[in-house]
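Chemist: One file is attached below, work07.pdb, containing PDB, C-alpha atoms.
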MODEL        1
ATOM      1  CA  MET A 282    -154.695 143.501 -59.232  1.00  0.00           C
ATOM      2  CA  LYS A 283    -153.637 142.714 -62.823  1.00  0.00           C
ATOM      3  CA  ASN A 284    -151.953 139.456 -61.892  1.00  0.00           C
ATOM      4  CA  ARG A 285    -154.939 138.078 -60.017  1.00  0.00           C
ATOM      5  CA  ILE A 286    -157.639 138.747 -62.594  1.00  0.00           C
ATOM      6  CA  LYS A 287    -158.472 135.840 -64.895  1.00  0.00           C
ATOM      7  CA  CYS A 288    -161.843 137.000 -66.220  1.00  0.00           C
ATOM      8  CA  ALA A 289    -163.292 140.399 -67.190  1.00  0.00           C
ATOM      9  CA  VAL A 290    -167.084 140.619 -67.355  1.00  0.00           C
ATOM     10  CA  PHE A 291    -168.711 143.476 -69.270  1.00  0.00           C
ATOM     11  CA  ASP A 292    -172.191 144.884 -69.426  1.00  0.00           C
ATOM     12  CA  LEU A 293    -173.218 145.630 -73.035  1.00  0.00           C
ATOM     13  CA  ASP A 294    -175.438 148.707 -73.448  1.00  0.00           C
ATOM     14  CA  GLY A 295    -173.676 151.820 -72.216  1.00  0.00           C
ATOM     15  CA  THR A 296    -170.460 149.938 -71.441  1.00  0.00           C
ATOM     16  CA  LEU A 297    -169.230 148.311 -74.646  1.00  0.00           C
ATOM     17  CA  VAL A 298    -171.674 149.804 -77.137  1.00  0.00           C
ATOM     18  CA  ASN A 299    -173.677 153.025 -77.286  1.00  0.00           C
ATOM     19  CA  THR A 300    -177.151 151.712 -78.148  1.00  0.00           C
ATOM     20  CA  ILE A 301    -179.354 154.513 -76.860  1.00  0.00           C
ATOM     21  CA  ASP A 302    -180.486 155.994 -80.196  1.00  0.00           C
ATOM     22  CA  ASP A 303    -181.969 152.754 -81.533  1.00  0.00           C
ATOM     23  CA  LEU A 304    -183.614 151.925 -78.200  1.00  0.00           C
ATOM     24  CA  LYS A 305    -185.198 155.375 -78.234  1.00  0.00           C
ATOM     25  CA  ILE A 306    -186.424 154.963 -81.812  1.00  0.00           C
ATOM     26  CA  ALA A 307    -188.031 151.594 -81.017  1.00  0.00           C
ATOM     27  CA  CYS A 308    -189.844 152.917 -77.950  1.00  0.00           C
ATOM     28  CA  ASP A 309    -190.843 156.199 -79.578  1.00  0.00           C
ATOM     29  CA  THR A 310    -192.343 154.280 -82.504  1.00  0.00           C
ATOM     30  CA  VAL A 311    -194.549 152.235 -80.188  1.00  0.00           C
ATOM     31  CA  LEU A 312    -195.509 155.295 -78.158  1.00  0.00           C
ATOM     32  CA  LYS A 313    -196.598 157.010 -81.372  1.00  0.00           C
ATOM     33  CA  GLU A 314    -198.645 153.964 -82.390  1.00  0.00           C
ATOM     34  CA  TYR A 315    -200.451 154.163 -79.051  1.00  0.00           C
ATOM     35  CA  GLY A 316    -201.036 157.892 -79.424  1.00  0.00           C
ATOM     36  CA  ARG A 317    -198.744 158.817 -76.527  1.00  0.00           C
ATOM     37  CA  ASP A 318    -196.781 162.060 -76.718  1.00  0.00           C
ATOM     38  CA  TYR A 319    -194.376 161.966 -73.786  1.00  0.00           C
ATOM     39  CA  ASN A 320    -191.512 163.340 -75.925  1.00  0.00           C
ATOM     40  CA  TRP A 321    -188.814 161.665 -73.843  1.00  0.00           C
ATOM     41  CA  SER A 322    -185.272 162.903 -74.503  1.00  0.00           C
ATOM     42  CA  VAL A 323    -182.123 160.828 -74.939  1.00  0.00           C
ATOM     43  CA  ALA A 324    -181.240 161.764 -71.367  1.00  0.00           C
ATOM     44  CA  ASP A 325    -184.595 160.360 -70.228  1.00  0.00           C
ATOM     45  CA  TYR A 326    -183.969 157.083 -72.027  1.00  0.00           C
ATOM     46  CA  LYS A 327    -180.539 156.830 -70.438  1.00  0.00           C
ATOM     47  CA  ARG A 328    -182.341 156.834 -67.089  1.00  0.00           C
ATOM     48  CA  PHE A 329    -184.880 154.262 -68.248  1.00  0.00           C
ATOM     49  CA  VAL A 330    -182.465 151.572 -69.481  1.00  0.00           C
ATOM     50  CA  GLY A 331    -180.690 148.955 -67.409  1.00  0.00           C
ATOM     51  CA  ASN A 332    -183.318 146.370 -66.477  1.00  0.00           C
ATOM     52  CA  GLY A 333    -184.129 144.951 -69.893  1.00  0.00           C
ATOM     53  CA  LEU A 334    -186.313 146.089 -72.780  1.00  0.00           C
ATOM     54  CA  LYS A 335    -189.629 145.247 -71.133  1.00  0.00           C
ATOM     55  CA  LYS A 336    -188.836 147.480 -68.175  1.00  0.00           C
ATOM     56  CA  LEU A 337    -187.662 150.169 -70.607  1.00  0.00           C
ATOM     57  CA  VAL A 338    -191.020 150.049 -72.394  1.00  0.00           C
ATOM     58  CA  GLU A 339    -192.836 150.174 -69.071  1.00  0.00           C
ATOM     59  CA  ARG A 340    -190.920 153.303 -68.082  1.00  0.00           C
ATOM     60  CA  ALA A 341    -191.390 154.894 -71.510  1.00  0.00           C
ATOM     61  CA  PHE A 342    -195.139 154.484 -71.031  1.00  0.00           C
ATOM     62  CA  ASP A 343    -194.766 156.075 -67.592  1.00  0.00           C
ATOM     63  CA  HIS A 344    -196.042 152.896 -65.877  1.00  0.00           C
ATOM     64  CA  SER A 345    -199.495 153.468 -67.402  1.00  0.00           C
ATOM     65  CA  LEU A 346    -200.040 150.052 -69.018  1.00  0.00           C
ATOM     66  CA  SER A 347    -201.704 146.971 -67.616  1.00  0.00           C
ATOM     67  CA  GLU A 348    -199.608 143.802 -67.606  1.00  0.00           C
ATOM     68  CA  GLU A 349    -201.396 142.551 -70.713  1.00  0.00           C
ATOM     69  CA  GLU A 350    -200.942 145.876 -72.507  1.00  0.00           C
ATOM     70  CA  LEU A 351    -197.289 145.966 -71.490  1.00  0.00           C
ATOM     71  CA  ASP A 352    -196.681 142.495 -72.912  1.00  0.00           C
ATOM     72  CA  ILE A 353    -198.102 143.592 -76.271  1.00  0.00           C
ATOM     73  CA  ALA A 354    -196.179 146.883 -76.322  1.00  0.00           C
ATOM     74  CA  PHE A 355    -192.999 145.051 -75.345  1.00  0.00           C
ATOM     75  CA  ARG A 356    -193.384 142.582 -78.214  1.00  0.00           C
ATOM     76  CA  LYS A 357    -193.934 145.451 -80.649  1.00  0.00           C
ATOM     77  CA  ALA A 358    -190.859 147.309 -79.386  1.00  0.00           C
ATOM     78  CA  SER A 359    -188.781 144.119 -79.491  1.00  0.00           C
ATOM     79  CA  ALA A 360    -189.709 143.483 -83.117  1.00  0.00           C
ATOM     80  CA  ILE A 361    -188.813 147.036 -84.098  1.00  0.00           C
ATOM     81  CA  TYR A 362    -185.577 147.067 -82.124  1.00  0.00           C
ATOM     82  CA  ASN A 363    -184.398 143.755 -83.541  1.00  0.00           C
ATOM     83  CA  LYS A 364    -184.652 145.233 -87.035  1.00  0.00           C
ATOM     84  CA  ILE A 365    -182.780 148.456 -86.268  1.00  0.00           C
ATOM     85  CA  LYS A 366    -180.465 147.585 -83.368  1.00  0.00           C
ATOM     86  CA  LEU A 367    -177.307 148.022 -85.442  1.00  0.00           C
ATOM     87  CA  ASP A 368    -178.457 151.102 -87.358  1.00  0.00           C
ATOM     88  CA  HIS A 369    -176.933 153.723 -85.051  1.00  0.00           C
ATOM     89  CA  ALA A 370    -175.170 151.673 -82.373  1.00  0.00           C
ATOM     90  CA  GLN A 371    -171.376 151.913 -82.153  1.00  0.00           C
ATOM     91  CA  PRO A 372    -168.713 150.550 -79.800  1.00  0.00           C
ATOM     92  CA  TYR A 373    -167.291 153.267 -77.607  1.00  0.00           C
ATOM     93  CA  SER A 374    -163.993 154.663 -78.850  1.00  0.00           C
ATOM     94  CA  GLY A 375    -161.052 152.668 -77.529  1.00  0.00           C
ATOM     95  CA  ILE A 376    -163.046 149.628 -76.412  1.00  0.00           C
ATOM     96  CA  GLU A 377    -161.837 147.287 -79.152  1.00  0.00           C
ATOM     97  CA  GLU A 378    -158.199 148.100 -78.430  1.00  0.00           C
ATOM     98  CA  GLN A 379    -158.696 147.456 -74.732  1.00  0.00           C
ATOM     99  CA  LEU A 380    -160.337 144.104 -75.352  1.00  0.00           C
ATOM    100  CA  ALA A 381    -157.393 143.110 -77.539  1.00  0.00           C
ATOM    101  CA  ILE A 382    -154.962 144.027 -74.757  1.00  0.00           C
ATOM    102  CA  LEU A 383    -156.864 141.903 -72.236  1.00  0.00           C
ATOM    103  CA  LYS A 384    -156.991 138.978 -74.668  1.00  0.00           C
ATOM    104  CA  SER A 385    -153.244 139.245 -75.206  1.00  0.00           C
ATOM    105  CA  ARG A 386    -152.771 138.835 -71.463  1.00  0.00           C
ATOM    106  CA  GLY A 387    -154.800 135.626 -71.433  1.00  0.00           C
ATOM    107  CA  ILE A 388    -157.762 137.162 -69.618  1.00  0.00           C
ATOM    108  CA  LYS A 389    -161.087 135.535 -70.444  1.00  0.00           C
ATOM    109  CA  LEU A 390    -163.729 137.983 -71.647  1.00  0.00           C
ATOM    110  CA  ALA A 391    -167.474 137.730 -71.074  1.00  0.00           C
ATOM    111  CA  VAL A 392    -170.600 139.788 -71.630  1.00  0.00           C
ATOM    112  CA  VAL A 393    -173.516 139.591 -69.205  1.00  0.00           C
ATOM    113  CA  THR A 394    -176.468 141.750 -70.181  1.00  0.00           C
ATOM    114  CA  ASN A 395    -180.208 142.147 -69.671  1.00  0.00           C
ATOM    115  CA  LYS A 396    -180.592 142.484 -73.442  1.00  0.00           C
ATOM    116  CA  PRO A 397    -182.341 139.376 -74.861  1.00  0.00           C
ATOM    117  CA  ASP A 398    -179.827 136.614 -75.477  1.00  0.00           C
ATOM    118  CA  LYS A 399    -180.256 136.383 -79.256  1.00  0.00           C
ATOM    119  CA  ALA A 400    -179.997 140.149 -79.762  1.00  0.00           C
ATOM    120  CA  ALA A 401    -177.007 140.340 -77.433  1.00  0.00           C
ATOM    121  CA  LYS A 402    -175.097 137.669 -79.330  1.00  0.00           C
ATOM    122  CA  GLU A 403    -175.922 139.236 -82.695  1.00  0.00           C
ATOM    123  CA  MET A 404    -174.742 142.655 -81.532  1.00  0.00           C
ATOM    124  CA  VAL A 405    -171.545 141.513 -79.835  1.00  0.00           C
ATOM    125  CA  ILE A 406    -170.495 139.226 -82.676  1.00  0.00           C
ATOM    126  CA  GLY A 407    -171.505 141.869 -85.222  1.00  0.00           C
ATOM    127  CA  PHE A 408    -169.235 144.484 -83.677  1.00  0.00           C
ATOM    128  CA  PHE A 409    -166.431 142.457 -82.138  1.00  0.00           C
ATOM    129  CA  GLY A 410    -166.351 139.235 -84.136  1.00  0.00           C
ATOM    130  CA  GLU A 411    -166.847 135.645 -83.040  1.00  0.00           C
ATOM    131  CA  ASN A 412    -163.550 135.181 -81.252  1.00  0.00           C
ATOM    132  CA  THR A 413    -163.236 138.218 -78.964  1.00  0.00           C
ATOM    133  CA  PHE A 414    -165.527 137.097 -76.151  1.00  0.00           C
ATOM    134  CA  ASP A 415    -165.324 133.668 -74.574  1.00  0.00           C
ATOM    135  CA  LEU A 416    -168.970 133.795 -73.493  1.00  0.00           C
ATOM    136  CA  ILE A 417    -171.953 136.069 -74.208  1.00  0.00           C
ATOM    137  CA  THR A 418    -174.886 135.764 -71.821  1.00  0.00           C
ATOM    138  CA  GLY A 419    -178.099 137.652 -72.462  1.00  0.00           C
ATOM    139  CA  ALA A 420    -181.481 137.540 -70.767  1.00  0.00           C
ATOM    140  CA  ALA A 421    -183.224 134.181 -70.990  1.00  0.00           C
ATOM    141  CA  LEU A 422    -186.552 132.827 -69.782  1.00  0.00           C
ATOM    142  CA  GLY A 423    -186.424 131.424 -66.284  1.00  0.00           C
ATOM    143  CA  VAL A 424    -183.176 133.174 -65.335  1.00  0.00           C
ATOM    144  CA  PRO A 425    -183.465 136.217 -63.057  1.00  0.00           C
ATOM    145  CA  HIS A 426    -182.321 139.456 -64.651  1.00  0.00           C
ATOM    146  CA  LYS A 427    -179.515 141.556 -63.263  1.00  0.00           C
ATOM    147  CA  PRO A 428    -179.017 142.743 -60.544  1.00  0.00           C
ATOM    148  CA  ALA A 429    -179.604 139.131 -59.537  1.00  0.00           C
ATOM    149  CA  PRO A 430    -176.166 137.455 -59.702  1.00  0.00           C
ATOM    150  CA  ASP A 431    -177.353 134.191 -61.281  1.00  0.00           C
ATOM    151  CA  SER A 432    -176.271 134.755 -64.896  1.00  0.00           C
ATOM    152  CA  THR A 433    -172.983 136.339 -63.830  1.00  0.00           C
ATOM    153  CA  LEU A 434    -172.082 133.496 -61.466  1.00  0.00           C
ATOM    154  CA  LYS A 435    -173.034 130.915 -64.101  1.00  0.00           C
ATOM    155  CA  THR A 436    -170.801 132.729 -66.592  1.00  0.00           C
ATOM    156  CA  LEU A 437    -167.844 132.576 -64.212  1.00  0.00           C
ATOM    157  CA  GLU A 438    -168.492 128.913 -63.501  1.00  0.00           C
ATOM    158  CA  THR A 439    -168.553 128.123 -67.216  1.00  0.00           C
ATOM    159  CA  LEU A 440    -165.264 129.979 -67.729  1.00  0.00           C
ATOM    160  CA  GLY A 441    -163.612 128.306 -64.747  1.00  0.00           C
ATOM    161  CA  CYS A 442    -163.184 131.508 -62.726  1.00  0.00           C
ATOM    162  CA  THR A 443    -164.097 132.341 -59.151  1.00  0.00           C
ATOM    163  CA  PRO A 444    -165.582 135.726 -58.180  1.00  0.00           C
ATOM    164  CA  ASP A 445    -162.315 136.852 -56.610  1.00  0.00           C
ATOM    165  CA  GLU A 446    -160.550 136.172 -59.924  1.00  0.00           C
ATOM    166  CA  ALA A 447    -162.977 138.378 -61.867  1.00  0.00           C
ATOM    167  CA  ILE A 448    -163.690 142.048 -62.448  1.00  0.00           C
ATOM    168  CA  TYR A 449    -166.979 143.516 -63.646  1.00  0.00           C
ATOM    169  CA  PHE A 450    -167.358 146.619 -65.822  1.00  0.00           C
ATOM    170  CA  GLY A 451    -170.713 148.403 -66.069  1.00  0.00           C
ATOM    171  CA  ASP A 452    -172.282 151.824 -66.393  1.00  0.00           C
ATOM    172  CA  SER A 453    -175.334 151.662 -64.102  1.00  0.00           C
ATOM    173  CA  ASN A 454    -176.460 151.010 -60.550  1.00  0.00           C
ATOM    174  CA  VAL A 455    -177.858 147.696 -61.822  1.00  0.00           C
ATOM    175  CA  ASP A 456    -174.367 146.643 -62.902  1.00  0.00           C
ATOM    176  CA  MET A 457    -172.738 147.675 -59.644  1.00  0.00           C
ATOM    177  CA  GLN A 458    -175.404 145.803 -57.685  1.00  0.00           C
ATOM    178  CA  THR A 459    -174.936 142.750 -59.903  1.00  0.00           C
ATOM    179  CA  ALA A 460    -171.204 142.693 -59.282  1.00  0.00           C
ATOM    180  CA  ASN A 461    -171.618 143.237 -55.552  1.00  0.00           C
ATOM    181  CA  ASN A 462    -174.276 140.521 -55.348  1.00  0.00           C
ATOM    182  CA  ALA A 463    -171.909 138.120 -57.124  1.00  0.00           C
ATOM    183  CA  GLY A 464    -168.924 139.039 -54.958  1.00  0.00           C
ATOM    184  CA  ILE A 465    -166.978 140.523 -57.888  1.00  0.00           C
ATOM    185  CA  LYS A 466    -165.005 143.758 -57.933  1.00  0.00           C
ATOM    186  CA  ALA A 467    -167.283 146.358 -59.523  1.00  0.00           C
ATOM    187  CA  VAL A 468    -165.838 149.003 -61.826  1.00  0.00           C
ATOM    188  CA  GLY A 469    -168.166 151.810 -62.852  1.00  0.00           C
ATOM    189  CA  VAL A 470    -167.571 153.300 -66.293  1.00  0.00           C
ATOM    190  CA  LEU A 471    -168.402 156.984 -66.664  1.00  0.00           C
ATOM    191  CA  TRP A 472    -168.749 157.103 -70.469  1.00  0.00           C
ATOM    192  CA  GLY A 473    -172.087 155.278 -70.375  1.00  0.00           C
ATOM    193  CA  PHE A 474    -175.693 156.115 -69.576  1.00  0.00           C
ATOM    194  CA  ARG A 475    -175.637 156.935 -65.871  1.00  0.00           C
ATOM    195  CA  SER A 476    -174.069 159.526 -63.586  1.00  0.00           C
ATOM    196  CA  ARG A 477    -171.073 159.397 -61.296  1.00  0.00           C
ATOM    197  CA  GLU A 478    -173.395 160.019 -58.353  1.00  0.00           C
ATOM    198  CA  GLU A 479    -175.531 156.980 -59.156  1.00  0.00           C
ATOM    199  CA  LEU A 480    -172.496 154.711 -59.426  1.00  0.00           C
ATOM    200  CA  GLU A 481    -170.830 156.059 -56.298  1.00  0.00           C
ATOM    201  CA  LYS A 482    -173.910 155.225 -54.231  1.00  0.00           C
ATOM    202  CA  GLU A 483    -173.284 151.522 -54.918  1.00  0.00           C
ATOM    203  CA  GLN A 484    -169.725 151.721 -53.539  1.00  0.00           C
ATOM    204  CA  PRO A 485    -167.879 150.214 -56.508  1.00  0.00           C
ATOM    205  CA  PHE A 486    -164.269 149.128 -56.323  1.00  0.00           C
ATOM    206  CA  CYS A 487    -163.464 152.136 -58.505  1.00  0.00           C
ATOM    207  CA  LEU A 488    -164.741 154.407 -61.261  1.00  0.00           C
ATOM    208  CA  ILE A 489    -162.998 155.001 -64.580  1.00  0.00           C
ATOM    209  CA  GLU A 490    -163.530 157.853 -67.032  1.00  0.00           C
ATOM    210  CA  GLU A 491    -162.034 156.481 -70.255  1.00  0.00           C
ATOM    211  CA  PRO A 492    -161.847 153.026 -71.866  1.00  0.00           C
ATOM    212  CA  GLU A 493    -158.045 153.328 -71.891  1.00  0.00           C
ATOM    213  CA  GLU A 494    -158.146 152.796 -68.126  1.00  0.00           C
ATOM    214  CA  ILE A 495    -159.547 149.279 -68.454  1.00  0.00           C
ATOM    215  CA  SER A 496    -156.224 147.544 -69.100  1.00  0.00           C
ATOM    216  CA  LYS A 497    -154.489 149.596 -66.401  1.00  0.00           C
ATOM    217  CA  LEU A 498    -156.527 147.852 -63.732  1.00  0.00           C
TER     218      LEU A 498
ENDMDL
END
Represent the structure contained in this file as structure tokens.

Modeler:
Amino acid sequence: MKNRIKCAVFDLDGTLVNTIDDLKIACDTVLKEYGRDYNWSVADYKRFVGNGLKKLVERAFDHSLSEEELDIAFRKASAIYNKIKLDHAQPYSGIEEQLAILKSRGIKLAVVTNKPDKAAKEMVIGFFGENTFDLITGAALGVPHKPAPDSTLKTLETLGCTPDEAIYFGDSNVDMQTANNAGIKAVGVLWGFRSREELEKEQPFCLIEEPEEISKL
């Protein structure tokens, strides 16, 4: 498969970067402001993420907010998270080396994430520099979130790649569904936020346990 792949698409949270601690802090801060005492664990938040910050806030509040209340809580959490998003986040060990190997082979690299576009770009460039990824695509108004394939297909089009020339790396069912909806080979990464069982249910092309396996594909 190495010789046929021209583009590698990566999810961000739980795939390239471990962001769970700062996401938890942002949500916990808002919960405390609202007098909620759910006491969600890191494992709980790993189950909540994957569909964007607004959905994360909704799940953290146990689906108890009206749409208007959710909008306000989401804005509060977004403001907090934007200030702290790099405080505890770190790329997973071995990721940077693997990206360098792919770049050396002439493979185009892209990020497609449900994290807001501005925050996604700041995080990716902050950790990996301006020249590692050819395109960074975060959530934007008017564009359906993953698992809809829209942003992924637009990314491939911009990079001049077809779905059968691409491979998609992600850590959640949302990522596997996104890849399948876009007609791209889906690779589930097991170092992220979700379980093997969840990924296997989506019938990915394969699962990998360590970042070092990325370049072997």

Chemist: Identify which of the residues A:Thr418, A:Ser322, A:Ser374, A:Ser453 lies closest to Thr439 of chain A, counting all atoms listed in the file when measuring atom-to-atom distances.

Modeler: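 So, comparing all the options, the nearest one is A:Thr418.
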
Chemist: Do you have the atom CA of Ala289 of chain A-atom CA of Trp472 of chain A distance handy?

Modeler: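 Atom CA of Trp472 of chain A lies 17.9 Å from atom CA of Ala289 of chain A.
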
Chemist: Using only C-alpha atoms, pick whichever of A:Gly407, A:Leu297, A:Lys389, A:Val470 has the shortest atom-to-atom distance to Gly375 of chain A.

Modeler: A:Leu297

Chemist: Using all atoms listed in the file, which of A:Asp325, A:Asp292, A:Glu339, A:Asp452 sits nearest Val311 of chain A?

Modeler: A:Glu339

Chemist: Run the PyMOL selection byres ((chain A and resi 361-365) around 9) on the file and write out the hits as a VMD selection string.

Modeler: chain A and resid 303 to 304 306 to 308 310 to 311 356 to 360 366 to 369 400

Chemist: With distances taken over all atoms listed in the file, which of A:Tyr373, A:Phe414, A:Phe409, A:Tyr449 is nearest to Leu390 of chain A?

Modeler: A:Phe414

Chemist: Let me make sure I understand: among A:Gly333, A:Gly423, A:Pro428, A:Gly387, which one has the smallest atom-to-atom distance to Ala401 of chain A if we use all atoms listed in the file?

Modeler: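 Answer, going by the shortest atom-to-atom distance: A:Gly333.
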
Chemist: Contacts of Glu348 of chain A at 12 Å or less, counting all atoms listed in the file, minus same-chain residues fewer than 5 places along, as a list in words?

Modeler: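 Once the adjacent positions are removed, what remains is Lys335, Lys336, Val338, Glu339, Ile353, Ala354 and Phe355 of chain A.
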
Chemist: Starting from the PyMOL selection byres ((chain A and resi 293) around 12), expand the selection into actual residues of this file and give them as an MDAnalysis selection string.

Modeler: chainID A and resid 290:292 294:301 330:331 333 370:373 376 391:398 400:406 408:409 414 417:420 449:453 456 470 473:474

Chemist: For a test of reading the model, state the distance in Å between atom CA of Cys442 of chain A and atom CA of Cys288 of chain A, rounded to one decimal.

Modeler: 6.6 Å

Chemist: My list of candidates is A:Leu480, A:Leu471, A:Ala429, A:Leu416. Which is closest to Thr459 of chain A when distances are computed with only C-alpha atoms?

Modeler: A:Ala429

Chemist: Might you spell out which residues the PyMOL selection byres ((chain A and resi 388) around 12) would select in the displayed file, as a PyMOL selection string?

Modeler: chain A and resi 283-290+379-387+389-391+413-415+440-442+446-448+496

Chemist: Could you state the separation of atom CA of Arg328 of chain A and atom CA of Cys487 of chain A in Å, given to one decimal place?

Modeler: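 Here the two named atoms are 21.3 Å from each other.
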
Chemist: Do you know which residues are at most 7 Å from Leu434 of chain A counting only C-alpha atoms, after dropping those on the same chain fewer than 4 positions away, and could you put them as a list in words?

Modeler: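 What passes the distance filter is Pro430, Glu438 and Ala463 of chain A.
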
Chemist: Because some atoms of segment 419-427 of chain A are absent here, can you restore all heavy atoms and send them as a compact mmCIF listing (two decimals), in the frame of the given file?

Modeler:
# COMPACT_ATOMS: atom_id res chain seq x y z
N GLY A 419 -177.00 136.70 -72.50
CA GLY A 419 -178.10 137.65 -72.46
C GLY A 419 -179.24 137.13 -71.62
O GLY A 419 -179.18 136.04 -71.04
N ALA A 420 -180.31 137.92 -71.56
CA ALA A 420 -181.48 137.54 -70.77
C ALA A 420 -182.17 136.33 -71.39
O ALA A 420 -182.34 136.26 -72.60
CB ALA A 420 -182.44 138.71 -70.68
N ALA A 421 -182.55 135.39 -70.54
CA ALA A 421 -183.22 134.18 -70.99
C ALA A 421 -184.39 133.87 -70.06
O ALA A 421 -184.38 134.25 -68.88
CB ALA A 421 -182.24 133.01 -71.02
N LEU A 422 -185.39 133.19 -70.59
CA LEU A 422 -186.55 132.83 -69.78
C LEU A 422 -186.14 131.95 -68.61
O LEU A 422 -185.32 131.04 -68.76
CB LEU A 422 -187.57 132.08 -70.64
CG LEU A 422 -188.32 132.90 -71.70
CD1 LEU A 422 -189.20 132.00 -72.55
CD2 LEU A 422 -189.15 133.99 -71.03
N GLY A 423 -186.68 132.24 -67.46
CA GLY A 423 -186.42 131.42 -66.28
C GLY A 423 -185.18 131.78 -65.51
O GLY A 423 -184.92 131.21 -64.45
N VAL A 424 -184.39 132.73 -66.02
CA VAL A 424 -183.18 133.17 -65.33
C VAL A 424 -183.39 134.60 -64.86
O VAL A 424 -183.71 135.48 -65.66
CB VAL A 424 -181.95 133.11 -66.26
CG1 VAL A 424 -180.70 133.55 -65.51
CG2 VAL A 424 -181.77 131.70 -66.80
N PRO A 425 -183.24 134.86 -63.57
CA PRO A 425 -183.46 136.22 -63.06
C PRO A 425 -182.55 137.22 -63.74
O PRO A 425 -181.38 136.96 -63.99
CB PRO A 425 -183.12 136.08 -61.57
CG PRO A 425 -183.30 134.64 -61.25
CD PRO A 425 -182.90 133.91 -62.49
N HIS A 426 -183.11 138.38 -64.05
CA HIS A 426 -182.32 139.46 -64.65
C HIS A 426 -181.38 140.08 -63.63
O HIS A 426 -181.59 139.99 -62.42
CB HIS A 426 -183.26 140.55 -65.18
CG HIS A 426 -183.98 140.17 -66.43
ND1 HIS A 426 -184.69 141.08 -67.18
CD2 HIS A 426 -184.10 138.98 -67.09
CE1 HIS A 426 -185.22 140.47 -68.23
NE2 HIS A 426 -184.88 139.20 -68.19
N LYS A 427 -180.32 140.72 -64.13
CA LYS A 427 -179.52 141.56 -63.26
C LYS A 427 -180.43 142.61 -62.62
O LYS A 427 -181.34 143.09 -63.28
CB LYS A 427 -178.41 142.26 -64.08
CG LYS A 427 -177.45 141.32 -64.78
CD LYS A 427 -176.29 142.07 -65.45
CE LYS A 427 -176.70 143.13 -66.43
NZ LYS A 427 -175.56 143.80 -67.10
